[in-house]
file start09.tsv (TSV, C-alpha atoms)
chain	number	residue	atom	x	y	z
A	1	THR	CA	178.81	-46.20	35.72
A	2	ASN	CA	175.47	-46.12	37.59
A	3	PRO	CA	174.70	-42.41	37.04
A	4	VAL	CA	172.51	-40.81	39.69
A	5	LEU	CA	171.01	-37.47	38.67
A	6	GLU	CA	169.48	-34.89	40.99
A	7	THR	CA	167.40	-32.12	39.46
A	8	ALA	CA	168.15	-28.58	40.59
A	9	ASP	CA	167.35	-25.06	39.49
A	10	ALA	CA	169.49	-23.92	36.57
A	11	ASN	CA	169.04	-20.25	37.50
A	12	LYS	CA	168.90	-19.61	33.76
A	13	PRO	CA	165.72	-19.52	31.63
A	14	GLY	CA	165.43	-22.23	29.02
A	15	VAL	CA	168.05	-24.48	30.59
A	16	ASP	CA	167.60	-27.77	32.47
A	17	TYR	CA	170.14	-28.67	35.15
A	18	TRP	CA	171.13	-31.69	37.24
A	19	LYS	CA	173.84	-32.70	39.65
A	20	ILE	CA	175.32	-36.09	38.78
A	21	LYS	CA	177.27	-38.79	40.59
A	22	MET	CA	178.73	-41.86	38.88
A	23	ASP	CA	180.84	-44.82	39.92
A	24	ASN	CA	184.56	-44.77	39.26
A	25	ILE	CA	187.35	-47.20	40.12
A	26	ARG	CA	187.96	-48.70	43.56
A	27	GLY	CA	184.81	-47.39	45.16
A	28	THR	CA	185.41	-43.77	44.16
A	29	HIS	CA	182.97	-41.55	42.30
A	30	ILE	CA	182.75	-38.94	39.58
A	31	GLN	CA	180.79	-35.89	40.66
A	32	GLY	CA	179.67	-33.06	38.46
A	33	GLN	CA	176.86	-31.12	36.86
A	34	ILE	CA	174.86	-31.45	33.66
A	35	ALA	CA	173.02	-28.74	31.78
A	36	ARG	CA	171.21	-28.67	28.45
A	37	PRO	CA	168.63	-26.60	26.60
A	38	ALA	CA	165.19	-27.36	28.00
A	39	ILE	CA	163.71	-27.74	24.52
A	40	ALA	CA	165.89	-29.88	22.28
A	41	ASP	CA	166.06	-33.35	20.80
A	42	LYS	CA	169.60	-34.32	19.83
A	43	LEU	CA	172.48	-32.17	21.02
A	44	PRO	CA	176.24	-31.81	20.55
A	45	ALA	CA	178.05	-32.71	23.77
A	46	LEU	CA	180.69	-30.77	25.68
A	47	LEU	CA	182.77	-32.20	28.54
A	48	ILE	CA	184.35	-29.48	30.71
A	49	VAL	CA	187.20	-30.51	33.03
A	50	GLN	CA	188.77	-28.49	35.80
A	51	TRP	CA	192.03	-26.73	36.59
A	52	ALA	CA	194.08	-27.59	39.66
A	53	GLY	CA	192.96	-26.99	43.20
A	54	VAL	CA	190.04	-28.03	45.40
A	55	TYR	CA	186.96	-25.88	44.99
A	56	PRO	CA	183.22	-26.01	44.15
A	57	LEU	CA	181.86	-25.95	40.62
A	58	GLN	CA	180.07	-22.81	39.54
A	59	LYS	CA	176.68	-23.52	38.02
A	60	SER	CA	177.26	-20.99	35.25
A	61	TRP	CA	180.19	-22.98	33.89
A	62	ALA	CA	177.66	-25.54	32.66
A	63	THR	CA	174.56	-23.43	32.13
A	64	ASP	CA	176.22	-20.71	30.01
A	65	ARG	CA	177.30	-23.27	27.43
A	66	ALA	CA	173.97	-25.09	27.65
A	67	ALA	CA	172.19	-21.84	26.81
A	68	GLU	CA	174.23	-21.76	23.60
A	69	GLY	CA	172.94	-25.19	22.60
A	70	TRP	CA	175.28	-27.72	24.18
A	71	LEU	CA	174.63	-30.82	26.24
A	72	VAL	CA	177.21	-30.05	28.94
A	73	LEU	CA	178.84	-32.28	31.53
A	74	ASN	CA	181.23	-30.47	33.90
A	75	ILE	CA	183.06	-32.73	36.37
A	76	GLU	CA	185.11	-32.17	39.51
A	77	ALA	CA	188.68	-33.43	39.39
A	78	HIS	CA	188.06	-34.96	42.83
A	79	ASP	CA	185.51	-37.26	44.40
A	80	LEU	CA	183.80	-34.42	46.25
A	81	PRO	CA	180.35	-32.83	46.30
A	82	ILE	CA	180.24	-29.96	43.84
A	83	ASP	CA	178.46	-27.23	45.82
A	84	GLU	CA	179.55	-27.25	49.45
A	85	PRO	CA	180.55	-24.02	51.26
A	86	GLU	CA	184.07	-22.81	50.56
A	87	PRO	CA	185.48	-23.87	53.99
A	88	PHE	CA	184.67	-27.50	53.12
A	89	TYR	CA	187.07	-27.42	50.18
A	90	GLN	CA	189.71	-25.55	52.13
A	91	GLN	CA	189.62	-28.30	54.75
A	92	GLN	CA	189.98	-30.98	52.09
A	93	PHE	CA	192.91	-29.16	50.49
A	94	ALA	CA	194.62	-28.79	53.85
A	95	GLY	CA	193.87	-32.41	54.81
A	96	ALA	CA	193.24	-35.51	52.70
A	97	LEU	CA	193.90	-33.71	49.40
A	98	LYS	CA	196.98	-31.75	50.42
A	99	ASN	CA	199.45	-31.94	47.54
A	100	TYR	CA	197.05	-34.39	45.88
A	101	TRP	CA	199.11	-34.30	42.69
A	102	ALA	CA	201.90	-36.13	44.53
A	103	ILE	CA	199.70	-38.79	46.15
A	104	GLY	CA	200.93	-42.23	45.11
A	105	ASN	CA	203.12	-40.82	42.35
A	106	ASP	CA	205.79	-43.48	42.73
A	107	ASP	CA	203.52	-46.20	41.31
A	108	ARG	CA	201.27	-46.12	38.28
A	109	GLU	CA	198.56	-48.04	40.17
A	110	THR	CA	198.43	-45.63	43.10
A	111	SER	CA	198.93	-42.23	41.45
A	112	TYR	CA	196.09	-39.81	42.12
A	113	PHE	CA	195.96	-39.10	38.40
A	114	LEU	CA	194.85	-42.64	37.59
A	115	ARG	CA	191.42	-42.01	39.10
A	116	MET	CA	191.27	-38.55	37.53
A	117	TYR	CA	192.11	-39.79	34.02
A	118	LEU	CA	189.61	-42.63	34.24
A	119	SER	CA	186.92	-40.24	35.47
A	120	CYS	CA	187.40	-38.24	32.27
A	121	TYR	CA	187.07	-41.35	30.13
A	122	ARG	CA	183.94	-42.49	31.93
A	123	ALA	CA	182.40	-39.02	31.78
A	124	ALA	CA	182.94	-38.93	28.02
A	125	GLN	CA	181.52	-42.42	27.71
A	126	TYR	CA	178.45	-41.41	29.70
A	127	LEU	CA	177.75	-38.57	27.28
A	128	THR	CA	177.91	-40.97	24.33
A	129	GLU	CA	175.32	-43.20	26.00
A	130	ARG	CA	172.75	-40.46	26.59
A	131	PRO	CA	169.76	-40.54	24.23
A	132	ASP	CA	169.94	-36.76	23.78
A	133	TRP	CA	173.49	-36.82	22.35
A	134	ASP	CA	173.50	-36.21	18.60
A	135	GLY	CA	175.93	-39.06	18.01
A	136	GLN	CA	178.36	-36.80	16.16
A	137	THR	CA	179.96	-34.01	18.20
A	138	LEU	CA	181.79	-34.67	21.47
A	139	VAL	CA	184.16	-31.91	22.56
A	140	VAL	CA	186.37	-31.78	25.65
A	141	MET	CA	187.85	-28.55	27.02
A	142	GLY	CA	189.76	-27.17	29.99
A	143	GLY	CA	192.69	-25.11	31.19
A	144	SER	CA	195.88	-26.03	33.05
A	145	GLN	CA	195.06	-29.32	34.83
A	146	GLY	CA	191.87	-29.21	32.76
A	147	GLY	CA	193.97	-28.84	29.63
A	148	LEU	CA	195.93	-31.90	30.72
A	149	GLN	CA	192.69	-33.83	31.17
A	150	SER	CA	191.35	-32.59	27.83
A	151	LEU	CA	194.32	-33.83	25.84
A	152	VAL	CA	194.45	-37.13	27.74
A	153	THR	CA	190.73	-37.69	27.14
A	154	ALA	CA	191.15	-36.98	23.44
A	155	GLY	CA	193.90	-39.57	23.39
A	156	ILE	CA	192.00	-42.34	25.15
A	157	HIS	CA	188.36	-41.91	24.12
A	158	PRO	CA	187.78	-42.64	20.42
A	159	LYS	CA	184.59	-40.58	20.10
A	160	ILE	CA	186.11	-37.24	21.11
A	161	THR	CA	185.80	-35.01	18.03
A	162	ALA	CA	187.80	-31.97	19.25
A	163	ALA	CA	189.89	-30.93	22.25
A	164	LEU	CA	190.48	-27.37	23.43
A	165	ALA	CA	193.23	-26.75	25.99
A	166	ILE	CA	194.70	-23.52	27.35
A	167	VAL	CA	198.11	-23.72	29.10
A	168	PRO	CA	197.77	-27.51	29.55
A	169	ALA	CA	199.65	-29.04	32.48
A	170	GLY	CA	201.30	-32.45	32.66
A	171	CYS	CA	203.45	-32.14	29.53
A	172	ASP	CA	206.98	-33.45	29.15
A	173	TYR	CA	207.61	-34.81	32.66
A	174	LEU	CA	211.09	-35.99	31.68
A	175	GLY	CA	212.03	-32.90	29.70
A	176	ALA	CA	214.61	-32.01	32.34
A	177	GLU	CA	216.72	-34.94	31.16
A	178	VAL	CA	217.39	-33.08	27.91
A	179	GLY	CA	217.50	-29.58	29.34
A	180	ARG	CA	213.83	-28.57	29.03
A	181	ASP	CA	211.71	-27.25	31.88
A	182	THR	CA	208.87	-29.58	32.83
A	183	GLY	CA	205.19	-28.82	33.28
A	184	TRP	CA	203.21	-28.90	36.52
A	185	PRO	CA	203.13	-31.03	38.66
A	186	LYS	CA	206.88	-31.17	37.93
A	187	TRP	CA	207.35	-34.65	39.32
A	188	TYR	CA	210.89	-34.78	37.98
A	189	TRP	CA	212.02	-32.42	40.72
A	190	ASN	CA	209.24	-32.76	43.29
A	191	THR	CA	209.81	-36.31	44.47
A	192	GLN	CA	208.74	-35.61	48.09
A	193	GLY	CA	211.45	-37.81	49.56
A	194	LYS	CA	210.38	-40.82	47.48
A	195	ASP	CA	212.57	-42.92	45.23
A	196	GLU	CA	213.35	-40.50	42.39
A	197	LYS	CA	213.63	-43.23	39.77
A	198	ARG	CA	210.23	-44.64	40.64
A	199	VAL	CA	208.56	-41.23	40.55
A	200	ARG	CA	210.09	-40.43	37.19
A	201	GLU	CA	209.21	-43.83	35.78
A	202	THR	CA	205.62	-43.38	36.96
A	203	GLY	CA	205.54	-39.98	35.29
A	204	LYS	CA	205.88	-41.66	31.90
A	205	TYR	CA	202.47	-43.28	32.32
A	206	PHE	CA	200.73	-39.97	33.00
A	207	ASP	CA	202.69	-37.62	30.73
A	208	VAL	CA	200.41	-35.88	28.22
A	209	VAL	CA	203.12	-36.40	25.58
A	210	ASN	CA	202.46	-40.14	25.67
A	211	PHE	CA	198.70	-39.68	25.23
A	212	ALA	CA	198.98	-36.99	22.56
A	213	SER	CA	200.34	-39.43	19.99
A	214	ARG	CA	196.94	-41.17	20.09
A	215	ILE	CA	194.96	-37.99	19.38
A	216	LYS	CA	193.36	-38.07	15.94
A	217	CYS	CA	190.78	-35.27	16.37
A	218	PRO	CA	191.44	-31.53	15.86
A	219	VAL	CA	192.99	-29.70	18.80
A	220	LEU	CA	193.19	-26.05	19.77
A	221	VAL	CA	195.97	-25.30	22.24
A	222	GLY	CA	197.13	-22.06	23.84
A	223	ALA	CA	200.62	-21.71	25.30
A	224	GLY	CA	201.89	-18.75	27.32
A	225	LEU	CA	205.42	-17.79	26.37
A	226	ILE	CA	206.18	-16.61	29.92
A	227	ASP	CA	204.33	-19.43	31.64
A	228	GLU	CA	206.67	-21.00	34.21
A	229	THR	CA	204.03	-23.37	35.60
A	230	CYS	CA	203.34	-25.08	32.28
A	231	PRO	CA	206.20	-23.99	30.01
A	232	PRO	CA	205.43	-23.71	26.29
A	233	VAL	CA	208.34	-25.96	25.32
A	234	GLY	CA	206.68	-28.96	26.97
A	235	ILE	CA	203.26	-28.08	25.58
A	236	LEU	CA	204.70	-27.95	22.06
A	237	ALA	CA	206.48	-31.26	22.65
A	238	ALA	CA	203.06	-32.77	23.42
A	239	VAL	CA	201.08	-31.07	20.66
A	240	ASN	CA	203.67	-32.09	18.07
A	241	GLN	CA	202.75	-35.71	18.79
A	242	ALA	CA	199.05	-35.25	18.04
A	243	GLN	CA	198.03	-36.96	14.81
A	244	GLY	CA	195.05	-34.77	13.93
A	245	ALA	CA	194.81	-31.20	12.69
A	246	LYS	CA	196.07	-28.74	15.26
A	247	GLU	CA	196.05	-25.03	15.91
A	248	VAL	CA	198.53	-23.60	18.39
A	249	ILE	CA	198.13	-20.06	19.71
A	250	LEU	CA	201.27	-18.62	21.23
A	251	LEU	CA	200.56	-15.95	23.82
A	252	PRO	CA	203.56	-13.58	24.01
A	253	GLN	CA	202.45	-11.98	27.29
A	254	GLY	CA	200.81	-15.15	28.57
A	255	ALA	CA	201.77	-16.29	32.04
A	256	HIS	CA	199.87	-19.19	33.60
A	257	GLN	CA	197.12	-16.98	34.96
A	258	GLU	CA	195.49	-14.52	32.62
A	259	ILE	CA	196.55	-10.95	33.39
A	260	ASN	CA	195.44	-7.93	31.38
A	261	ARG	CA	193.73	-10.14	28.77
A	262	SER	CA	196.99	-11.96	28.03
A	263	HIS	CA	194.99	-15.06	26.99
A	264	ALA	CA	192.58	-13.09	24.80
A	265	ALA	CA	193.85	-14.49	21.49
A	266	TYR	CA	193.09	-18.03	22.64
A	267	ASN	CA	189.74	-17.12	24.19
A	268	THR	CA	188.63	-15.40	20.99
A	269	ARG	CA	189.42	-18.49	18.93
A	270	CYS	CA	187.95	-20.87	21.52
A	271	TYR	CA	184.68	-19.13	22.35
A	272	GLY	CA	184.27	-16.99	19.25
A	273	ASP	CA	185.24	-19.42	16.52
A	274	TRP	CA	185.83	-23.04	17.54
A	275	LEU	CA	182.93	-23.70	19.91
A	276	PRO	CA	180.28	-22.07	17.66
A	277	MET	CA	181.48	-23.99	14.59
A	278	LEU	CA	181.74	-27.29	16.45
A	279	ARG	CA	178.31	-26.80	18.03
A	280	GLN	CA	176.84	-26.52	14.55
A	281	GLY	CA	178.49	-29.77	13.50
A	282	LYS	CA	180.91	-28.00	11.19
A	283	PRO	CA	184.63	-28.82	10.87
A	284	ALA	CA	187.05	-27.22	13.29
A	285	PRO	CA	188.12	-23.83	11.89
A	286	ILE	CA	191.81	-24.66	11.89
A	287	VAL	CA	194.40	-21.97	11.33
A	288	SER	CA	197.43	-24.16	10.75
A	289	GLU	CA	200.24	-21.66	11.29
A	290	PRO	CA	201.13	-20.83	14.92
A	291	LYS	CA	199.13	-17.73	15.77
A	292	GLY	CA	200.08	-15.01	18.25
A	293	GLU	CA	198.14	-12.08	19.59
call {"tool": "encode", "arguments": {"input": "start09.tsv", "output": "structure tokens"}}
result
Amino acid sequence: TNPVLETADANKPGVDYWKIKMDNIRGTHIQGQIARPAIADKLPALLIVQWAGVYPLQKSWATDRAAEGWLVLNIEAHDLPIDEPEPFYQQQFAGALKNYWAIGNDDRETSYFLRMYLSCYRAAQYLTERPDWDGQTLVVMGGSQGGLQSLVTAGIHPKITAALAIVPAGCDYLGAEVGRDTGWPKWYWNTQGKDEKRVRETGKYFDVVNFASRIKCPVLVGAGLIDETCPPVGILAAVNQAQGAKEVILLPQGAHQEINRSHAAYNTRCYGDWLPMLRQGKPAPIVSEPKGE
């Protein structure tokens, strides 16, 4: 993957920080940030993946977790520098990356998600090859598009030991065929003037449901019961396929975006229970029954 690291100021005492760039398929790159405690030998690793949109990475997303004791890798979903001024990302979103989720989505070899999924795999693999990884704990987490990437990564990388996903996207692309609403990016309906059959066939290759059946590690998933972007019915269809232990938190007032702490029940379990236990090398603190607020 030819990782190239650039040291930068962590802006947080006791934390080391780097920007990183690695090779990905077809001349593209993975770009992100790494943070870890400045004084440590072997560390549990945490891969953080990003929700939809085109925007810079905030340094604190990596350094806050590093201060808790993680070796953190946080990657962009796109092959873009991570810390340009906001207008740069706005230009990309209005130009080359406009509706990026639909780019090439009528062929499994050209879909934009192919590069994104492989970047997640390679990022996880990079963490396993670092000498400061403890060789035991490798967690992936994210929300929405990041939840999609988290579950996919858990399905394709054998060393992932837990996945945490809030309102994951990309679930149940073909649910509409049996009367279920589909998750973002809703390719079933949004065919952009392309051959509908080809778009829907391509969707099968990127549907989280088809990766979830390969997940053997514990998963924590939050689903908003009033989420129209990533409906809970599709999320449950995906999670039901996972082979490992699973904890599902149903958020009665949960839309896609958190409003008035509507995602608090998930956040409490994620940041208050799961991450601390996993960081210590302990088993995931599974609550097996679906849990609401």
call {"tool": "residues_around", "arguments": {"input": "start09.tsv", "residues": "A:Ile30", "least_positions_apart": "2", "cutoff": "12 Å", "atoms": "all atoms listed in the file", "output": "number ranges by chain"}}
result
A: 1-5, 19-28, 32-33, 49, 73-82, 115-124, 126
call {"tool": "closest_residue", "arguments": {"input": "start09.tsv", "among": "A:Pro158, A:Thr202, A:Asp195, A:Gln91", "to": "A:Phe113", "atoms": "only C-alpha atoms"}}
result
A:Thr202
call {"tool": "atom_distance", "arguments": {"input": "start09.tsv", "atom1": "atom CA of A:Gln192", "atom2": "atom CA of A:Ile156"}}
result
29.2 Å
call {"tool": "closest_residue", "arguments": {"input": "start09.tsv", "among": "A:Gln136, A:Gly53, A:Asp83, A:Asn11", "to": "A:Lys98", "atoms": "only C-alpha atoms"}}
result
A:Gly53
call {"tool": "residues_around", "arguments": {"input": "start09.tsv", "residues": "A:Gln241", "least_positions_apart": "3", "cutoff": "7 Å", "atoms": "only C-alpha atoms", "output": "PDB file with C-alpha atoms, in the coordinates of the input"}}
result
ATOM      1  CA  VAL A 209     203.120 -36.400  25.580  1.00  0.00           C
ATOM      2  CA  ALA A 212     198.980 -36.990  22.560  1.00  0.00           C
ATOM      3  CA  SER A 213     200.340 -39.430  19.990  1.00  0.00           C
ATOM      4  CA  ALA A 237     206.480 -31.260  22.650  1.00  0.00           C
ATOM      5  CA  ALA A 238     203.060 -32.770  23.420  1.00  0.00           C
TER       6      ALA A 238
END
call {"tool": "residues_around", "arguments": {"input": "start09.tsv", "residues": "A:Ala45", "least_positions_apart": "4", "cutoff": "12 Å", "atoms": "all atoms listed in the file", "output": "ChimeraX atom specification"}}
result
/A:34-37,62,65-66,68-74,123-141,159-162,275,278-281
call {"tool": "closest_residue", "arguments": {"input": "start09.tsv", "among": "A:Lys246, A:His157, A:Arg180, A:Lys194", "to": "A:Ile103", "atoms": "only C-alpha atoms"}}
result
A:Lys194
call {"tool": "closest_residue", "arguments": {"input": "start09.tsv", "among": "A:Leu220, A:Asn210, A:Lys186, A:Pro168", "to": "A:Gln257", "atoms": "all atoms listed in the file"}}
result
A:Pro168
call {"tool": "atom_distance", "arguments": {"input": "start09.tsv", "atom1": "atom CA of A:Glu86", "atom2": "atom CA of A:Gly142"}}
result
21.8 Å
call {"tool": "build_atoms", "arguments": {"input": "start09.tsv", "residues": "stretch 205-219 of chain A", "atoms": "N, CA, C and O atoms", "output": "PDB file, in the coordinates of the input"}}
result
ATOM      1  N   TYR A 205     203.811 -42.743  32.550  1.00  0.00           N
ATOM      2  CA  TYR A 205     202.470 -43.280  32.320  1.00  0.00           C
ATOM      3  C   TYR A 205     201.403 -42.194  32.320  1.00  0.00           C
ATOM      4  O   TYR A 205     200.301 -42.401  31.810  1.00  0.00           O
ATOM      5  N   PHE A 206     201.726 -41.037  32.873  1.00  0.00           N
ATOM      6  CA  PHE A 206     200.730 -39.970  33.000  1.00  0.00           C
ATOM      7  C   PHE A 206     201.091 -38.722  32.194  1.00  0.00           C
ATOM      8  O   PHE A 206     200.324 -37.770  32.161  1.00  0.00           O
ATOM      9  N   ASP A 207     202.225 -38.755  31.526  1.00  0.00           N
ATOM     10  CA  ASP A 207     202.690 -37.620  30.730  1.00  0.00           C
ATOM     11  C   ASP A 207     201.771 -37.422  29.523  1.00  0.00           C
ATOM     12  O   ASP A 207     201.515 -38.351  28.748  1.00  0.00           O
ATOM     13  N   VAL A 208     201.286 -36.186  29.359  1.00  0.00           N
ATOM     14  CA  VAL A 208     200.410 -35.880  28.220  1.00  0.00           C
ATOM     15  C   VAL A 208     201.082 -36.218  26.889  1.00  0.00           C
ATOM     16  O   VAL A 208     200.412 -36.616  25.937  1.00  0.00           O
ATOM     17  N   VAL A 209     202.406 -36.085  26.817  1.00  0.00           N
ATOM     18  CA  VAL A 209     203.120 -36.400  25.580  1.00  0.00           C
ATOM     19  C   VAL A 209     202.794 -37.816  25.104  1.00  0.00           C
ATOM     20  O   VAL A 209     202.620 -38.061  23.905  1.00  0.00           O
ATOM     21  N   ASN A 210     202.676 -38.739  26.047  1.00  0.00           N
ATOM     22  CA  ASN A 210     202.460 -40.140  25.670  1.00  0.00           C
ATOM     23  C   ASN A 210     201.004 -40.451  25.345  1.00  0.00           C
ATOM     24  O   ASN A 210     200.711 -41.531  24.824  1.00  0.00           O
ATOM     25  N   PHE A 211     200.095 -39.539  25.651  1.00  0.00           N
ATOM     26  CA  PHE A 211     198.700 -39.680  25.230  1.00  0.00           C
ATOM     27  C   PHE A 211     198.460 -38.932  23.919  1.00  0.00           C
ATOM     28  O   PHE A 211     197.626 -39.327  23.110  1.00  0.00           O
ATOM     29  N   ALA A 212     199.211 -37.843  23.722  1.00  0.00           N
ATOM     30  CA  ALA A 212     198.980 -36.990  22.560  1.00  0.00           C
ATOM     31  C   ALA A 212     199.182 -37.736  21.248  1.00  0.00           C
ATOM     32  O   ALA A 212     198.500 -37.452  20.253  1.00  0.00           O
ATOM     33  N   SER A 213     200.089 -38.695  21.237  1.00  0.00           N
ATOM     34  CA  SER A 213     200.340 -39.430  19.990  1.00  0.00           C
ATOM     35  C   SER A 213     199.131 -40.249  19.550  1.00  0.00           C
ATOM     36  O   SER A 213     199.074 -40.699  18.404  1.00  0.00           O
ATOM     37  N   ARG A 214     198.163 -40.427  20.429  1.00  0.00           N
ATOM     38  CA  ARG A 214     196.940 -41.170  20.090  1.00  0.00           C
ATOM     39  C   ARG A 214     195.795 -40.253  19.663  1.00  0.00           C
ATOM     40  O   ARG A 214     194.723 -40.736  19.303  1.00  0.00           O
ATOM     41  N   ILE A 215     196.023 -38.939  19.726  1.00  0.00           N
ATOM     42  CA  ILE A 215     194.960 -37.990  19.380  1.00  0.00           C
ATOM     43  C   ILE A 215     194.815 -37.884  17.876  1.00  0.00           C
ATOM     44  O   ILE A 215     195.767 -37.555  17.166  1.00  0.00           O
ATOM     45  N   LYS A 216     193.618 -38.155  17.378  1.00  0.00           N
ATOM     46  CA  LYS A 216     193.360 -38.070  15.940  1.00  0.00           C
ATOM     47  C   LYS A 216     192.384 -36.938  15.603  1.00  0.00           C
ATOM     48  O   LYS A 216     192.207 -36.606  14.432  1.00  0.00           O
ATOM     49  N   CYS A 217     191.748 -36.344  16.605  1.00  0.00           N
ATOM     50  CA  CYS A 217     190.780 -35.270  16.370  1.00  0.00           C
ATOM     51  C   CYS A 217     191.505 -33.920  16.326  1.00  0.00           C
ATOM     52  O   CYS A 217     192.651 -33.806  16.759  1.00  0.00           O
ATOM     53  N   PRO A 218     190.851 -32.875  15.827  1.00  0.00           N
ATOM     54  CA  PRO A 218     191.440 -31.530  15.860  1.00  0.00           C
ATOM     55  C   PRO A 218     191.648 -31.038  17.283  1.00  0.00           C
ATOM     56  O   PRO A 218     190.845 -31.344  18.172  1.00  0.00           O
ATOM     57  N   VAL A 219     192.718 -30.280  17.483  1.00  0.00           N
ATOM     58  CA  VAL A 219     192.990 -29.700  18.800  1.00  0.00           C
ATOM     59  C   VAL A 219     193.308 -28.222  18.654  1.00  0.00           C
ATOM     60  O   VAL A 219     193.946 -27.792  17.695  1.00  0.00           O
TER      61      VAL A 219
END
